[in-house]
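Chemist: Here you go, protein-v9.tsv (TSV, C-alpha atoms):
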```
chain	number	residue	atom	x	y	z
X	1	MET	CA	-41.17	16.10	0.96
X	2	ALA	CA	-41.34	12.30	0.69
X	3	LEU	CA	-38.22	12.21	-1.48
X	4	GLN	CA	-36.37	14.45	0.97
X	5	ALA	CA	-37.34	12.15	3.85
X	6	VAL	CA	-36.06	9.13	1.91
X	7	PHE	CA	-32.70	10.77	1.32
X	8	PHE	CA	-32.53	11.90	4.96
X	9	TYR	CA	-32.98	8.36	6.28
X	10	LEU	CA	-30.57	7.02	3.66
X	11	PHE	CA	-27.80	9.48	4.53
X	12	SER	CA	-28.45	9.04	8.25
X	13	PHE	CA	-28.24	5.25	8.07
X	14	LEU	CA	-25.04	5.36	5.99
X	15	THR	CA	-23.48	7.92	8.35
X	16	VAL	CA	-24.19	5.85	11.46
X	17	ALA	CA	-23.10	2.61	9.76
X	18	SER	CA	-19.86	4.21	8.54
X	19	ALA	CA	-19.15	5.61	12.01
X	20	VAL	CA	-19.61	2.15	13.53
X	21	MET	CA	-17.26	0.65	10.94
X	22	VAL	CA	-14.65	3.30	11.76
X	23	ILE	CA	-14.35	2.14	15.36
X	24	THR	CA	-14.74	-1.59	14.61
X	25	ALA	CA	-12.44	-1.97	11.59
X	26	ARG	CA	-9.22	-3.83	12.39
X	27	ASN	CA	-7.26	-2.26	9.53
X	28	PRO	CA	-6.49	1.45	10.10
X	29	VAL	CA	-6.57	2.15	6.36
X	30	HIS	CA	-10.06	0.68	6.12
X	31	ALA	CA	-11.08	2.77	9.14
X	32	VAL	CA	-9.97	5.96	7.39
X	33	LEU	CA	-11.88	4.99	4.25
X	34	TRP	CA	-15.03	4.41	6.31
X	35	LEU	CA	-14.44	7.80	7.94
X	36	ILE	CA	-14.32	9.46	4.52
X	37	LEU	CA	-17.62	7.78	3.63
X	38	ALA	CA	-19.13	9.08	6.88
X	39	PHE	CA	-18.00	12.62	6.01
X	40	PHE	CA	-19.61	12.43	2.58
X	41	ASN	CA	-22.93	11.26	4.01
X	42	ALA	CA	-22.83	13.97	6.68
X	43	ALA	CA	-22.27	16.49	3.89
X	44	GLY	CA	-25.38	15.12	2.20
X	45	LEU	CA	-27.35	15.78	5.39
X	46	PHE	CA	-26.09	19.36	5.44
X	47	VAL	CA	-27.24	19.82	1.84
X	48	LEU	CA	-30.71	18.58	2.77
X	49	LEU	CA	-30.77	21.15	5.59
X	50	GLY	CA	-29.89	23.95	3.17
X	51	ALA	CA	-26.39	24.45	4.59
X	52	GLU	CA	-24.45	23.93	1.39
X	53	PHE	CA	-21.48	25.93	2.68
X	54	LEU	CA	-21.00	23.61	5.65
X	55	ALA	CA	-21.32	20.61	3.33
X	56	MET	CA	-18.60	22.00	1.06
X	57	ILE	CA	-16.34	22.76	4.03
X	58	LEU	CA	-16.85	19.23	5.38
X	59	VAL	CA	-15.82	17.68	2.07
X	60	VAL	CA	-12.97	20.05	1.22
X	61	VAL	CA	-11.39	20.40	4.67
X	62	TYR	CA	-12.05	17.10	6.40
X	63	VAL	CA	-12.06	14.72	3.43
X	64	GLY	CA	-9.58	16.59	1.25
X	65	ALA	CA	-7.09	17.46	3.98
X	66	VAL	CA	-7.53	15.79	7.36
X	67	ALA	CA	-8.72	12.32	6.38
X	68	VAL	CA	-6.44	11.98	3.34
X	69	LEU	CA	-3.45	13.26	5.33
X	70	PHE	CA	-4.20	10.77	8.10
X	71	LEU	CA	-4.47	8.02	5.50
X	72	PHE	CA	-1.04	8.84	4.08
X	73	VAL	CA	0.46	9.00	7.57
X	74	VAL	CA	-0.97	5.59	8.47
X	75	MET	CA	0.27	4.07	5.21
X	76	MET	CA	3.76	5.60	5.34
X	77	LEU	CA	4.63	5.18	9.02
X	78	ASP	CA	5.60	1.85	10.52
X	79	VAL	CA	2.99	1.77	13.28
X	80	ASP	CA	3.15	-0.98	15.87
X	81	PHE	CA	-0.53	-1.93	16.03
X	82	ALA	CA	0.05	-4.50	18.78
X	83	GLU	CA	1.35	-1.72	21.04
X	84	LEU	CA	-1.62	0.47	20.11
X	85	ARG	CA	-4.06	-2.29	21.04
X	86	ALA	CA	-2.26	-2.81	24.36
X	87	GLY	CA	-2.58	0.91	25.09
X	88	PHE	CA	-6.25	0.81	24.17
X	89	ILE	CA	-6.92	-2.02	26.58
X	90	LYS	CA	-4.97	-0.20	29.30
X	91	ASN	CA	-7.02	3.01	28.88
X	92	ALA	CA	-10.35	1.23	28.30
X	93	PRO	CA	-11.80	2.04	31.78
X	94	LEU	CA	-11.12	5.75	31.36
X	95	GLY	CA	-12.62	5.72	27.86
X	96	ALA	CA	-15.68	3.86	29.14
X	97	MET	CA	-16.18	6.46	31.88
X	98	VAL	CA	-15.93	9.36	29.40
X	99	GLY	CA	-18.33	7.57	27.04
X	100	ALA	CA	-20.83	7.03	29.86
X	101	ILE	CA	-20.72	10.73	30.76
X	102	LEU	CA	-21.34	11.71	27.13
X	103	LEU	CA	-24.21	9.22	26.90
X	104	ILE	CA	-25.82	10.66	30.04
X	105	GLU	CA	-25.51	14.19	28.62
X	106	LEU	CA	-27.09	13.14	25.32
X	107	VAL	CA	-29.97	11.43	27.14
X	108	MET	CA	-30.52	14.56	29.23
X	109	VAL	CA	-30.55	16.80	26.14
X	110	VAL	CA	-32.98	14.56	24.24
X	111	GLY	CA	-35.18	14.16	27.32
X	112	MET	CA	-35.37	17.90	27.91
X	113	ARG	CA	-36.27	18.47	24.27
X	114	PHE	CA	-39.10	15.93	24.33
X	115	ALA	CA	-40.27	17.27	27.70
X	116	GLY	CA	-40.50	20.77	26.24
X	117	THR	CA	-38.25	22.38	28.85
X	118	ALA	CA	-35.31	23.10	26.58
X	119	GLN	CA	-34.88	26.69	25.49
X	120	VAL	CA	-33.37	27.32	22.10
X	121	VAL	CA	-31.06	30.33	22.02
X	122	ARG	CA	-31.15	31.96	18.62
X	123	GLY	CA	-28.12	33.72	17.27
X	124	PRO	CA	-28.12	36.98	15.36
X	125	ALA	CA	-29.83	36.74	12.01
X	126	PRO	CA	-28.15	38.25	8.94
X	127	ALA	CA	-29.54	41.50	7.65
X	128	PRO	CA	-31.93	40.76	4.76
X	129	VAL	CA	-31.11	42.14	1.36
X	130	ALA	CA	-33.94	44.16	-0.11
X	131	GLY	CA	-35.56	42.55	-3.12
X	132	SER	CA	-33.44	39.39	-3.11
X	133	THR	CA	-32.92	36.18	-1.15
X	134	ILE	CA	-29.44	35.49	0.20
X	135	SER	CA	-27.84	32.07	0.18
X	136	ASN	CA	-26.43	30.19	3.12
X	137	THR	CA	-22.88	31.26	2.29
X	138	GLU	CA	-23.84	34.93	2.10
X	139	ALA	CA	-25.70	34.66	5.41
X	140	LEU	CA	-22.66	33.18	7.17
X	141	GLY	CA	-20.41	35.84	5.69
X	142	ALA	CA	-22.77	38.59	6.81
X	143	ILE	CA	-22.55	37.29	10.38
X	144	LEU	CA	-18.86	36.38	10.58
X	145	TYR	CA	-17.49	39.55	9.00
X	146	ARG	CA	-19.43	41.99	11.14
X	147	GLU	CA	-18.72	43.24	14.63
X	148	PRO	CA	-18.12	41.63	17.08
X	149	PHE	CA	-17.64	38.29	15.34
X	150	VAL	CA	-15.00	39.59	12.94
X	151	PHE	CA	-12.62	40.15	15.88
X	152	TYR	CA	-13.13	36.58	17.10
X	153	LEU	CA	-12.49	35.33	13.57
X	154	GLU	CA	-9.25	37.30	13.32
X	155	ILE	CA	-8.10	36.09	16.74
X	156	ALA	CA	-8.78	32.48	15.72
X	157	GLY	CA	-6.79	32.97	12.51
X	158	LEU	CA	-3.90	34.50	14.46
X	159	ILE	CA	-3.87	31.59	16.92
X	160	LEU	CA	-3.81	29.08	14.05
X	161	LEU	CA	-0.96	30.99	12.38
X	162	VAL	CA	1.10	31.02	15.59
X	163	ALA	CA	0.40	27.30	16.10
X	164	MET	CA	1.54	26.51	12.55
X	165	MET	CA	4.73	28.53	12.97
X	166	GLY	CA	5.42	26.88	16.33
X	167	ALA	CA	4.99	23.41	14.83
X	168	ILE	CA	7.43	24.27	12.03
X	169	VAL	CA	10.01	25.66	14.47
X	170	LEU	CA	9.76	22.67	16.81
X	171	THR	CA	10.12	20.10	14.03
X	172	LEU	CA	12.85	21.91	12.05
X	173	ARG	CA	16.23	20.25	12.40
X	174	HIS	CA	19.47	21.82	11.12
X	175	LYS	CA	22.02	19.40	9.69
X	176	ASP	CA	25.70	20.04	9.04
X	177	GLY	CA	26.84	20.10	5.43
X	178	VAL	CA	23.43	21.09	4.02
X	179	LYS	CA	23.34	24.23	1.90
X	180	ARG	CA	20.67	26.68	3.00
X	181	GLN	CA	19.42	29.93	1.59
X	182	SER	CA	20.82	33.10	3.14
X	183	ILE	CA	18.74	36.13	2.24
X	184	SER	CA	21.22	38.62	3.71
X	185	ALA	CA	24.11	37.12	1.75
X	186	GLN	CA	22.09	37.23	-1.47
X	187	ASN	CA	21.15	40.87	-0.97
X	188	ALA	CA	24.78	41.80	-0.21
X	189	ARG	CA	26.10	40.39	-3.49
X	190	ASN	CA	27.70	42.78	-5.99
X	191	PRO	CA	29.32	42.34	-9.40
X	192	ALA	CA	32.75	41.92	-7.81
X	193	THR	CA	31.64	38.90	-5.80
X	194	ALA	CA	29.06	37.50	-8.19
X	195	ILE	CA	31.07	37.50	-11.44
X	196	GLU	CA	34.37	35.73	-12.08
X	197	ILE	CA	36.32	36.64	-15.22
X	198	ALA	CA	38.51	33.85	-16.55
X	199	LYS	CA	41.16	34.31	-19.25
X	200	VAL	CA	40.89	31.58	-21.86
X	201	PRO	CA	43.96	30.93	-24.06
X	202	ALA	CA	43.73	31.26	-27.85
X	203	GLY	CA	43.70	27.53	-28.39
X	204	GLY	CA	40.65	27.08	-26.23
X	205	TYR	CA	40.06	26.01	-22.69
X	206	THR	CA	42.68	23.68	-21.29
X	207	VAL	CA	42.02	21.37	-18.41
X	208	PRO	CA	44.44	22.04	-15.58
X	209	PRO	CA	46.69	19.11	-14.69
X	210	LYS	CA	45.58	16.92	-11.85
X	211	ALA	CA	47.47	16.95	-8.63
X	212	PRO	CA	49.60	13.85	-8.08
X	213	GLU	CA	47.92	11.28	-5.92
X	214	LYS	CA	49.47	10.41	-2.61
X	215	VAL	CA	50.81	6.91	-2.37
X	216	ARG	CA	49.90	5.19	0.82
X	217	SER	CA	52.77	3.45	2.55
```
Go ahead and render the structure in this file as structure tokens.

Modeler:
Amino acid sequence: MALQAVFFYLFSFLTVASAVMVITARNPVHAVLWLILAFFNAAGLFVLLGAEFLAMILVVVYVGAVAVLFLFVVMMLDVDFAELRAGFIKNAPLGAMVGAILLIELVMVVGMRFAGTAQVVRGPAPAPVAGSTISNTEALGAILYREPFVFYLEIAGLILLVAMMGAIVLTLRHKDGVKRQSISAQNARNPATAIEIAKVPAGGYTVPPKAPEKVRS
């Protein structure tokens, strides 16, 4: 228990310190690197809580996809950081108001918990397997892939699919002179249109004479 408490405070301190460095770093690339470190430490906290599936998802999805993609975008695009800072200063009052509201909500939640008035709503527990203990991943699967949660999961997947297709359609630009694949034309091909028979003379292939060049006046 003592070793677990040591790792908990270590991961918690590194997570908070990395989060502070994310919002205080002047270089956006350094901010993304601090964000990746914060994700790794948060994954360590999930492992200590026994939620290894959430820890794996945090590392694979957020670190392997979102954070790295954001890092490449920041490094490849020519971002005008002076304009970004000007926009930040312009929207600082609105951001301060939203931050104050979130701080008040957090204080209310923590105060209600210490006062003993908060009621914890428990979700449905997975059905236990006779004679064996199920892991965290199996427990999540038993909940998500049963009614009614399976319908919500399918609806969320459908919404993400439609959003991905919409983003591709909106960003796709057709240019003139670019060869594109035509499935209908490929399926309509036959030997008469796909094969060209050329008669080669006995002496071998001869290069046809070039057309005379036009002389500019």

Chemist: In Å, rounded to a single decimal, give me how far atom CA of X:Val73 is from atom CA of X:Leu45.

Modeler: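 About the pair atom CA of X:Leu45 and atom CA of X:Val73: they are 28.7 Å apart.
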
Chemist: Just give me the gap between atom CA of X:Ala25 and atom CA of X:Ala100 in Å, one decimal is fine.

Modeler: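 Atom CA of X:Ala25 sits 22.0 Å away from atom CA of X:Ala100.
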
Chemist: By how many Å are atom CA of X:Met56 and atom CA of X:Asn136 apart?

Modeler: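 These atoms are spaced 11.5 Å apart.
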
Chemist: What lies within 12 Å of X:Leu58 using only C-alpha atoms, ignoring chain neighbours under 3 positions off, as a list in words?

Modeler: Leu35, Ile36, Leu37, Ala38, Phe39, Phe40, Asn41, Ala42, Ala43, Gly44, Leu45, Phe46, Val47, Ala51, Glu52, Phe53, Leu54, Ala55, Val61, Tyr62, Val63, Gly64, Ala65, Val66 and Ala67 of chain X

Chemist: Compare X:Thr15, X:Val32, X:Phe8, X:Ala167 by their minimum atom-to-atom distance to X:Phe70, counting all atoms listed in the file, and give me the closest one.

Modeler: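 The answer is X:Val32, which sits nearest to X:Phe70.
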